[in-house]
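Below is protein.tsv, holding TSV, C-alpha atoms.
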```tsv
chain	number	residue	atom	x	y	z
U	1	GLY	CA	0.76	10.19	14.80
U	2	ILE	CA	-1.77	11.19	12.20
U	3	GLN	CA	-5.12	9.41	12.11
U	4	VAL	CA	-6.66	8.44	8.76
U	5	GLU	CA	-10.30	7.37	8.77
U	6	GLN	CA	-12.20	6.03	5.79
U	7	SER	CA	-15.92	5.68	5.38
U	8	PRO	CA	-17.96	3.70	4.81
U	9	PRO	CA	-16.04	0.56	5.77
U	10	ASP	CA	-18.17	-1.58	3.47
U	11	LEU	CA	-20.30	-0.72	0.47
U	12	ILE	CA	-22.46	-2.84	-1.81
U	13	LEU	CA	-23.66	-1.37	-5.10
U	14	GLN	CA	-25.61	-2.50	-8.09
U	15	GLU	CA	-23.79	-2.20	-11.38
U	16	GLY	CA	-24.32	1.26	-12.84
U	17	ALA	CA	-24.73	3.04	-9.52
U	18	ASN	CA	-22.58	5.96	-8.36
U	19	SER	CA	-20.76	6.18	-5.03
U	20	THR	CA	-18.65	8.48	-2.89
U	21	LEU	CA	-15.90	7.27	-0.59
U	22	ARG	CA	-14.51	9.56	2.07
U	23	CYS	CA	-11.11	9.92	3.73
U	24	ASN	CA	-10.62	12.15	6.79
U	25	PHE	CA	-7.23	12.89	8.26
U	26	SER	CA	-6.32	14.48	11.56
U	27	ASP	CA	-3.37	16.69	10.62
U	28	SER	CA	-1.96	18.64	7.71
U	29	VAL	CA	-0.48	16.56	4.91
U	30	ASN	CA	1.95	17.13	2.06
U	31	ASN	CA	0.07	14.82	-0.24
U	32	LEU	CA	-2.60	12.15	-0.50
U	33	GLN	CA	-2.96	9.07	-2.65
U	34	TRP	CA	-5.91	6.83	-3.45
U	35	PHE	CA	-5.34	3.15	-4.26
U	36	HIS	CA	-7.51	0.26	-5.40
U	37	GLN	CA	-6.55	-3.17	-4.14
U	38	ASN	CA	-7.77	-5.83	-6.54
U	39	PRO	CA	-8.90	-9.31	-5.46
U	40	TRP	CA	-5.37	-10.64	-6.08
U	41	GLY	CA	-3.89	-8.20	-3.59
U	42	GLN	CA	-2.15	-5.70	-5.84
U	43	LEU	CA	-2.48	-2.02	-4.96
U	44	ILE	CA	-3.11	0.08	-8.04
U	45	ASN	CA	-2.52	3.83	-8.01
U	46	LEU	CA	-5.65	5.83	-8.71
U	47	PHE	CA	-4.79	9.40	-7.78
U	48	TYR	CA	-1.91	11.40	-6.35
U	49	ILE	CA	-3.79	14.48	-5.18
U	50	PRO	CA	-2.57	17.02	-2.58
U	51	SER	CA	-5.44	19.38	-3.32
U	52	GLY	CA	-8.05	20.16	-5.91
U	53	THR	CA	-9.85	17.75	-8.21
U	54	LYS	CA	-8.61	15.19	-10.70
U	55	GLN	CA	-10.53	12.92	-13.05
U	56	ASN	CA	-9.62	9.67	-14.72
U	57	GLY	CA	-12.45	8.13	-16.72
U	58	ARG	CA	-15.29	7.16	-14.40
U	59	LEU	CA	-13.27	8.00	-11.31
U	60	SER	CA	-12.55	11.38	-9.85
U	61	ALA	CA	-11.06	12.61	-6.59
U	62	THR	CA	-11.20	15.84	-4.64
U	63	THR	CA	-8.95	16.81	-1.76
U	64	VAL	CA	-9.73	19.78	0.48
U	65	ALA	CA	-6.51	19.96	2.45
U	66	THR	CA	-7.61	22.91	4.60
U	67	GLU	CA	-10.57	20.88	5.85
U	68	ARG	CA	-8.60	17.64	6.04
U	69	TYR	CA	-10.61	15.35	3.83
U	70	SER	CA	-10.62	13.75	0.42
U	71	LEU	CA	-13.42	12.19	-1.60
U	72	LEU	CA	-13.27	9.50	-4.28
U	73	TYR	CA	-16.19	9.40	-6.70
U	74	ILE	CA	-17.01	6.31	-8.73
U	75	SER	CA	-19.62	6.78	-11.41
U	76	SER	CA	-21.47	4.09	-13.39
U	77	SER	CA	-19.82	1.38	-11.29
U	78	GLN	CA	-18.78	-1.92	-12.87
U	79	THR	CA	-18.09	-5.32	-11.32
U	80	THR	CA	-14.39	-4.77	-11.99
U	81	ASP	CA	-14.49	-1.84	-9.56
U	82	SER	CA	-14.90	-4.32	-6.70
U	83	GLY	CA	-12.09	-4.49	-4.19
U	84	VAL	CA	-10.75	-2.36	-1.38
U	85	TYR	CA	-10.08	1.35	-1.76
U	86	PHE	CA	-7.38	2.89	0.42
U	87	CYS	CA	-6.38	6.45	0.97
U	88	ALA	CA	-2.89	7.20	2.26
U	89	VAL	CA	-1.40	10.47	3.43
U	90	ASP	CA	2.10	11.85	3.31
U	91	THR	CA	3.01	13.98	6.33
U	92	GLY	CA	6.63	14.47	5.30
U	93	ARG	CA	7.74	11.47	7.37
U	94	ARG	CA	9.52	8.61	5.68
U	95	ALA	CA	6.43	6.75	4.48
U	96	LEU	CA	2.70	7.02	3.84
U	97	THR	CA	0.09	6.39	6.53
U	98	PHE	CA	-2.84	4.31	5.32
U	99	GLY	CA	-6.49	4.29	6.27
U	100	SER	CA	-8.34	1.05	6.98
U	101	GLY	CA	-9.98	1.02	3.57
U	102	THR	CA	-13.47	0.82	2.08
U	103	ARG	CA	-14.45	-2.61	0.81
U	104	LEU	CA	-16.62	-2.21	-2.30
U	105	GLN	CA	-18.68	-4.95	-3.87
U	106	VAL	CA	-20.40	-4.21	-7.16
U	107	GLN	CA	-23.10	-6.70	-8.02
U	108	PRO	CA	-24.24	-7.43	-11.60
S	1	GLU	CA	8.07	-4.99	-17.64
S	2	THR	CA	6.11	-3.86	-14.60
S	3	GLY	CA	7.42	-1.03	-12.43
S	4	VAL	CA	7.83	-3.03	-9.22
S	5	THR	CA	8.30	-6.78	-9.33
S	6	GLN	CA	8.06	-9.14	-6.37
S	7	THR	CA	9.05	-12.79	-6.15
S	8	PRO	CA	7.84	-15.26	-5.18
S	9	ARG	CA	4.16	-14.46	-5.43
S	10	HIS	CA	3.27	-17.26	-3.02
S	11	LEU	CA	5.38	-18.90	-0.34
S	12	VAL	CA	4.64	-21.62	2.20
S	13	MET	CA	7.23	-22.25	4.86
S	14	GLY	CA	7.65	-24.03	8.14
S	15	MET	CA	8.61	-22.26	11.32
S	16	THR	CA	12.20	-23.50	11.13
S	17	ASN	CA	12.77	-22.60	7.47
S	18	LYS	CA	14.78	-19.71	6.11
S	19	LYS	CA	13.47	-18.00	3.00
S	20	SER	CA	13.74	-14.62	1.28
S	21	LEU	CA	11.36	-12.30	-0.52
S	22	LYS	CA	12.74	-10.25	-3.39
S	23	CYS	CA	11.65	-6.92	-4.80
S	24	GLU	CA	13.00	-5.06	-7.82
S	25	GLN	CA	11.93	-1.65	-9.07
S	26	HIS	CA	12.49	-0.39	-12.62
S	27	LEU	CA	11.31	3.18	-12.02
S	28	GLY	CA	14.60	4.83	-11.04
S	29	HIS	CA	13.25	5.65	-7.57
S	30	ASN	CA	15.43	6.39	-4.57
S	31	ALA	CA	13.25	4.88	-1.83
S	32	MET	CA	11.92	1.36	-1.25
S	33	TYR	CA	9.54	0.03	1.37
S	34	TRP	CA	8.22	-3.19	2.90
S	35	TYR	CA	4.62	-3.21	4.10
S	36	LYS	CA	2.74	-6.05	5.79
S	37	GLN	CA	-0.98	-6.62	5.28
S	38	SER	CA	-2.69	-9.09	7.61
S	39	ALA	CA	-6.31	-10.12	7.27
S	40	LYS	CA	-8.71	-7.34	8.23
S	41	LYS	CA	-5.92	-4.95	9.29
S	42	PRO	CA	-4.56	-1.77	7.76
S	43	LEU	CA	-1.27	-1.84	5.91
S	44	GLU	CA	1.61	-1.78	8.38
S	45	LEU	CA	4.90	-0.17	7.43
S	46	MET	CA	7.86	-2.43	8.22
S	47	PHE	CA	11.00	-0.88	6.73
S	48	VAL	CA	12.05	2.10	4.64
S	49	TYR	CA	15.25	2.43	2.64
S	50	ASN	CA	16.44	5.68	1.10
S	51	PHE	CA	19.44	5.52	-1.23
S	52	LYS	CA	20.18	2.03	0.16
S	53	GLU	CA	20.22	3.27	3.77
S	54	GLN	CA	17.60	2.07	6.22
S	55	THR	CA	15.75	5.12	7.46
S	56	GLU	CA	12.92	3.43	9.33
S	57	ASN	CA	12.39	0.19	11.21
S	58	ASN	CA	8.89	0.16	12.54
S	59	SER	CA	9.60	-2.04	15.58
S	60	VAL	CA	9.74	-5.15	13.45
S	61	PRO	CA	10.85	-8.42	15.13
S	62	SER	CA	14.37	-9.53	14.31
S	63	ARG	CA	13.09	-12.67	12.57
S	64	PHE	CA	12.49	-10.28	9.64
S	65	SER	CA	15.78	-9.03	8.23
S	66	PRO	CA	15.79	-6.55	5.34
S	67	GLU	CA	18.61	-6.04	2.87
S	68	CYS	CA	18.97	-3.30	0.26
S	69	PRO	CA	22.11	-3.83	-1.85
S	70	ASN	CA	21.25	-0.95	-4.21
S	71	SER	CA	18.43	1.47	-4.94
S	72	SER	CA	16.70	-1.00	-7.27
S	73	HIS	CA	16.64	-4.14	-5.14
S	74	LEU	CA	15.17	-4.94	-1.76
S	75	PHE	CA	15.05	-8.25	0.08
S	76	LEU	CA	13.24	-9.48	3.15
S	77	HIS	CA	14.97	-12.44	4.77
S	78	LEU	CA	12.70	-14.62	6.86
S	79	HIS	CA	13.76	-17.06	9.59
S	80	THR	CA	12.04	-18.84	12.46
S	81	LEU	CA	8.71	-17.21	11.65
S	82	GLN	CA	5.49	-17.77	13.55
S	83	PRO	CA	2.07	-18.68	12.11
S	84	GLU	CA	0.85	-15.16	12.94
S	85	ASP	CA	3.41	-13.83	10.45
S	86	SER	CA	1.28	-15.24	7.65
S	87	ALA	CA	0.26	-12.22	5.58
S	88	LEU	CA	0.61	-10.42	2.29
S	89	TYR	CA	3.98	-8.67	2.10
S	90	LEU	CA	4.02	-5.69	-0.21
S	91	CYS	CA	7.03	-3.91	-1.63
S	92	ALA	CA	6.80	-0.35	-2.87
S	93	SER	CA	9.05	2.36	-4.27
S	94	SER	CA	8.89	6.13	-4.64
S	95	GLN	CA	10.98	9.12	-5.60
S	96	GLY	CA	11.17	10.81	-2.23
S	97	GLY	CA	12.36	14.35	-1.73
S	98	LEU	CA	12.36	17.27	0.65
S	99	SER	CA	8.60	17.64	0.38
S	100	GLY	CA	7.88	14.08	1.38
S	101	THR	CA	7.54	10.50	0.26
S	102	GLY	CA	6.51	11.05	-3.35
S	103	GLU	CA	4.05	8.95	-5.27
S	104	LEU	CA	4.16	5.34	-4.09
S	105	PHE	CA	4.08	2.39	-6.50
S	106	PHE	CA	3.46	-1.15	-5.26
S	107	GLY	CA	4.44	-4.58	-6.46
S	108	GLU	CA	1.93	-7.41	-6.71
S	109	GLY	CA	2.77	-8.74	-3.26
S	110	SER	CA	4.12	-11.99	-1.85
S	111	ARG	CA	1.54	-14.04	0.01
S	112	LEU	CA	3.25	-15.89	2.84
S	113	THR	CA	1.84	-18.81	4.79
S	114	VAL	CA	3.72	-20.06	7.85
S	115	LEU	CA	2.80	-23.56	8.97
```
Go ahead and render the structure in this file as structure tokens.
Amino acid sequence: GIQVEQSPPDLILQEGANSTLRCNFSDSVNNLQWFHQNPWGQLINLFYIPSGTKQNGRLSATTVATERYSLLYISSSQTTDSGVYFCAVDTGRRALTFGSGTRLQVQP
Amino acid sequence: ETGVTQTPRHLVMGMTNKKSLKCEQHLGHNAMYWYKQSAKKPLELMFVYNFKEQTENNSVPSRFSPECPNSSHLFLHLHTLQPEDSALYLCASSQGGLSGTGELFFGEGSRLTVL
């Protein structure tokens, strides 16, 4: 099956810093989603992005499907951005395949 | 009213108990999913239902028994679980189609502890 790799696995930032999270996938995909898992466990949708770039406030995402990667940018990070960020890909099977996540800690 | 609701949020059970997790989606989606998240592991797909029909069982032990009475409700019946089954169980829904799964929306999860 498809392999989804996220980097870095762990990231510590000072409040106000910017960061880039990466998601590589081993095969062509129909779509890609980014999620944020908060400390209570809930997975929150960030982006549904098969290709191109989308922005939502301080967050933006870019997917280059032909090169099989996606990037999530977090600007001016806040402590509330802490948690685990997952990317998940849709290959046209019955469900998404998830990466292992990037654990982000933003320190005040 | 949130899009996907899971109950209970927390559950502690013994290995001989029988309990159920419930999920309800208010988004009009046609597909529902159970995922398992253990500590320090990626999310593992357990079951997929499309229009109430099970379309995927990802080699899940029979001590986990799903039920989907309609497109809005999904249950996970639990019996004779093992301590290693302790995990966060996440329900999700999407509007799947010919092009794939569709955008996935998750509930808040049910954190299960098996003693």
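Pairwise distance (atom CA of His36 of chain U, atom CA of Gln6 of chain U) equals 13.4 Å.
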If we count only C-alpha atoms, what is near Ser28 of chain U at a cut-off of 12 Å, once residues fewer than 6 positions away on the same chain are taken out, given as a PDB file with C-alpha atoms, in the coordinates of the input?
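Once written, around-v2.pdb looks like this:
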```
ATOM      1  CA  GLY U   1       0.760  10.190  14.800  1.00  0.00           C
ATOM      2  CA  ILE U   2      -1.770  11.190  12.200  1.00  0.00           C
ATOM      3  CA  GLN U   3      -5.120   9.410  12.110  1.00  0.00           C
ATOM      4  CA  VAL U   4      -6.660   8.440   8.760  1.00  0.00           C
ATOM      5  CA  PRO U  50      -2.570  17.020  -2.580  1.00  0.00           C
ATOM      6  CA  SER U  51      -5.440  19.380  -3.320  1.00  0.00           C
ATOM      7  CA  THR U  63      -8.950  16.810  -1.760  1.00  0.00           C
ATOM      8  CA  VAL U  64      -9.730  19.780   0.480  1.00  0.00           C
ATOM      9  CA  ALA U  65      -6.510  19.960   2.450  1.00  0.00           C
ATOM     10  CA  THR U  66      -7.610  22.910   4.600  1.00  0.00           C
ATOM     11  CA  GLU U  67     -10.570  20.880   5.850  1.00  0.00           C
ATOM     12  CA  ARG U  68      -8.600  17.640   6.040  1.00  0.00           C
ATOM     13  CA  TYR U  69     -10.610  15.350   3.830  1.00  0.00           C
ATOM     14  CA  VAL U  89      -1.400  10.470   3.430  1.00  0.00           C
ATOM     15  CA  ASP U  90       2.100  11.850   3.310  1.00  0.00           C
ATOM     16  CA  THR U  91       3.010  13.980   6.330  1.00  0.00           C
ATOM     17  CA  GLY U  92       6.630  14.470   5.300  1.00  0.00           C
TER      18      GLY U  92
END
```
Selection: 6 Å around Ser94 of chain S, all atoms listed in the file, excl. self and same-chain fewer than 6 positions, as a PyMOL selection string: chain S and resi 29+31+102-104
Written file, previous selection with C-alpha atoms, as a PDB file, in the frame of the given file:
```
ATOM      1  CA  HIS S  29      13.250   5.650  -7.570  1.00  0.00           C
ATOM      2  CA  ALA S  31      13.250   4.880  -1.830  1.00  0.00           C
ATOM      3  CA  GLY S 102       6.510  11.050  -3.350  1.00  0.00           C
ATOM      4  CA  GLU S 103       4.050   8.950  -5.270  1.00  0.00           C
ATOM      5  CA  LEU S 104       4.160   5.340  -4.090  1.00  0.00           C
TER       6      LEU S 104
END
```
Exercise answer, chain S residues close to chain U, 8 Å and all atoms listed in the file, as a ChimeraX atom specification: /S:41-43,45,48,55-56,88,98-101,103-109
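Take atom CA of Pro9 of chain U and atom CA of Phe47 of chain S: the distance between them is 27.1 Å.
For the set S:Asn57, S:Asn70, S:Gln37, S:Asn30, the residue with the smallest atom-to-atom gap to Tyr89 of chain S is S:Gln37, counting only C-alpha atoms.
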Point-to-point distance from atom CA of Lys36 of chain S to atom CA of Glu5 of chain U, Å rounded to tenths: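 Separation of atom CA of Lys36 of chain S and atom CA of Glu5 of chain U: 18.9 Å.
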Contacts of Leu11 of chain S at 8 Å (all atoms listed in the file; same-chain gap of 2+ positions) as a PyMOL selection string: chain S and resi 8-9+13+110-113
Within 10 Å of segment 52-61 of chain U using all atoms listed in the file, minus same-chain residues under 4 positions, as a list in words: Asn18, Ser19, Thr20, Leu21, Arg22, Gln33, Trp34, Leu46, Phe47, Tyr48, Ala65, Ser70, Leu71, Leu72, Tyr73, Ile74, Ser75, Ser76, Ser77 and Gln78 of chain U
Pick from S:Leu27, S:Gln95, S:Ser86, S:Thr2 nearest to Asn50 of chain S, counting all atoms listed in the file: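 Between S:Leu27, S:Gln95, S:Ser86, S:Thr2, the residue approaching Asn50 of chain S most closely is S:Gln95.
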Best match for closeness to Pro8 of chain U among U:Thr62, U:Pro108, U:Thr79, U:Tyr85, counting all atoms listed in the file: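 Closest to Pro8 of chain U, using all atoms listed in the file: U:Tyr85.
Distances from S:Val114, S:Ala87, S:Leu74, S:Ala92 to Ala39 of chain S were compared using only C-alpha atoms, and the smallest one belongs to S:Ala87.
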Could you please fill out segment 10-28 of chain U with N, CA, C and O atoms and send it back as a short mmCIF file (atom, residue, chain, number, x, y, z; two decimals), in the coordinates of the input?
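Written file, out-v3.cif:
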```
data_model
loop_
_atom_site.label_atom_id
_atom_site.label_comp_id
_atom_site.auth_asym_id
_atom_site.auth_seq_id
_atom_site.Cartn_x
_atom_site.Cartn_y
_atom_site.Cartn_z
N ASP U 10 -17.69 -0.62 4.46
CA ASP U 10 -18.17 -1.58 3.47
C ASP U 10 -19.27 -0.93 2.65
O ASP U 10 -20.07 -0.14 3.18
N LEU U 11 -19.32 -1.30 1.37
CA LEU U 11 -20.30 -0.72 0.47
C LEU U 11 -20.67 -1.75 -0.59
O LEU U 11 -19.79 -2.35 -1.22
N ILE U 12 -21.97 -1.94 -0.76
CA ILE U 12 -22.46 -2.84 -1.81
C ILE U 12 -23.29 -2.01 -2.78
O ILE U 12 -24.19 -1.29 -2.37
N LEU U 13 -22.98 -2.13 -4.06
CA LEU U 13 -23.66 -1.37 -5.10
C LEU U 13 -24.18 -2.30 -6.19
O LEU U 13 -23.59 -3.36 -6.42
N GLN U 14 -25.20 -1.86 -6.86
CA GLN U 14 -25.61 -2.50 -8.09
C GLN U 14 -24.82 -1.88 -9.23
O GLN U 14 -24.49 -0.68 -9.21
N GLU U 15 -24.51 -2.69 -10.21
CA GLU U 15 -23.79 -2.20 -11.38
C GLU U 15 -24.52 -0.99 -11.96
O GLU U 15 -25.75 -0.98 -12.07
N GLY U 16 -23.74 0.04 -12.29
CA GLY U 16 -24.32 1.26 -12.84
C GLY U 16 -24.54 2.37 -11.84
O GLY U 16 -24.75 3.52 -12.23
N ALA U 17 -24.49 2.03 -10.55
CA ALA U 17 -24.73 3.04 -9.52
C ALA U 17 -23.48 3.90 -9.34
O ALA U 17 -22.36 3.52 -9.71
N ASN U 18 -23.69 5.06 -8.70
CA ASN U 18 -22.58 5.96 -8.36
C ASN U 18 -22.30 5.86 -6.86
O ASN U 18 -23.18 5.49 -6.07
N SER U 19 -21.08 6.23 -6.46
CA SER U 19 -20.76 6.18 -5.03
C SER U 19 -19.70 7.22 -4.70
O SER U 19 -18.96 7.67 -5.58
N THR U 20 -19.66 7.56 -3.41
CA THR U 20 -18.65 8.48 -2.89
C THR U 20 -17.99 7.87 -1.68
O THR U 20 -18.67 7.48 -0.73
N LEU U 21 -16.67 7.78 -1.70
CA LEU U 21 -15.90 7.27 -0.59
C LEU U 21 -15.17 8.45 0.05
O LEU U 21 -14.70 9.36 -0.65
N ARG U 22 -15.08 8.41 1.37
CA ARG U 22 -14.51 9.56 2.07
C ARG U 22 -13.27 9.16 2.87
O ARG U 22 -13.21 8.05 3.41
N CYS U 23 -12.34 10.10 2.95
CA CYS U 23 -11.11 9.92 3.73
C CYS U 23 -10.89 11.18 4.56
O CYS U 23 -10.74 12.27 3.99
N ASN U 24 -10.90 11.03 5.87
CA ASN U 24 -10.62 12.15 6.79
C ASN U 24 -9.26 11.94 7.42
O ASN U 24 -8.90 10.81 7.77
N PHE U 25 -8.52 13.01 7.62
CA PHE U 25 -7.23 12.89 8.26
C PHE U 25 -7.08 14.00 9.31
O PHE U 25 -7.67 15.07 9.20
N SER U 26 -6.29 13.68 10.34
CA SER U 26 -6.32 14.48 11.56
C SER U 26 -5.28 15.60 11.60
O SER U 26 -5.28 16.40 12.54
N ASP U 27 -4.42 15.67 10.60
CA ASP U 27 -3.37 16.69 10.62
C ASP U 27 -3.07 17.13 9.18
O ASP U 27 -3.55 16.50 8.24
N SER U 28 -2.30 18.17 9.05
CA SER U 28 -1.96 18.64 7.71
C SER U 28 -1.06 17.63 7.01
O SER U 28 -0.27 16.93 7.66
#
```
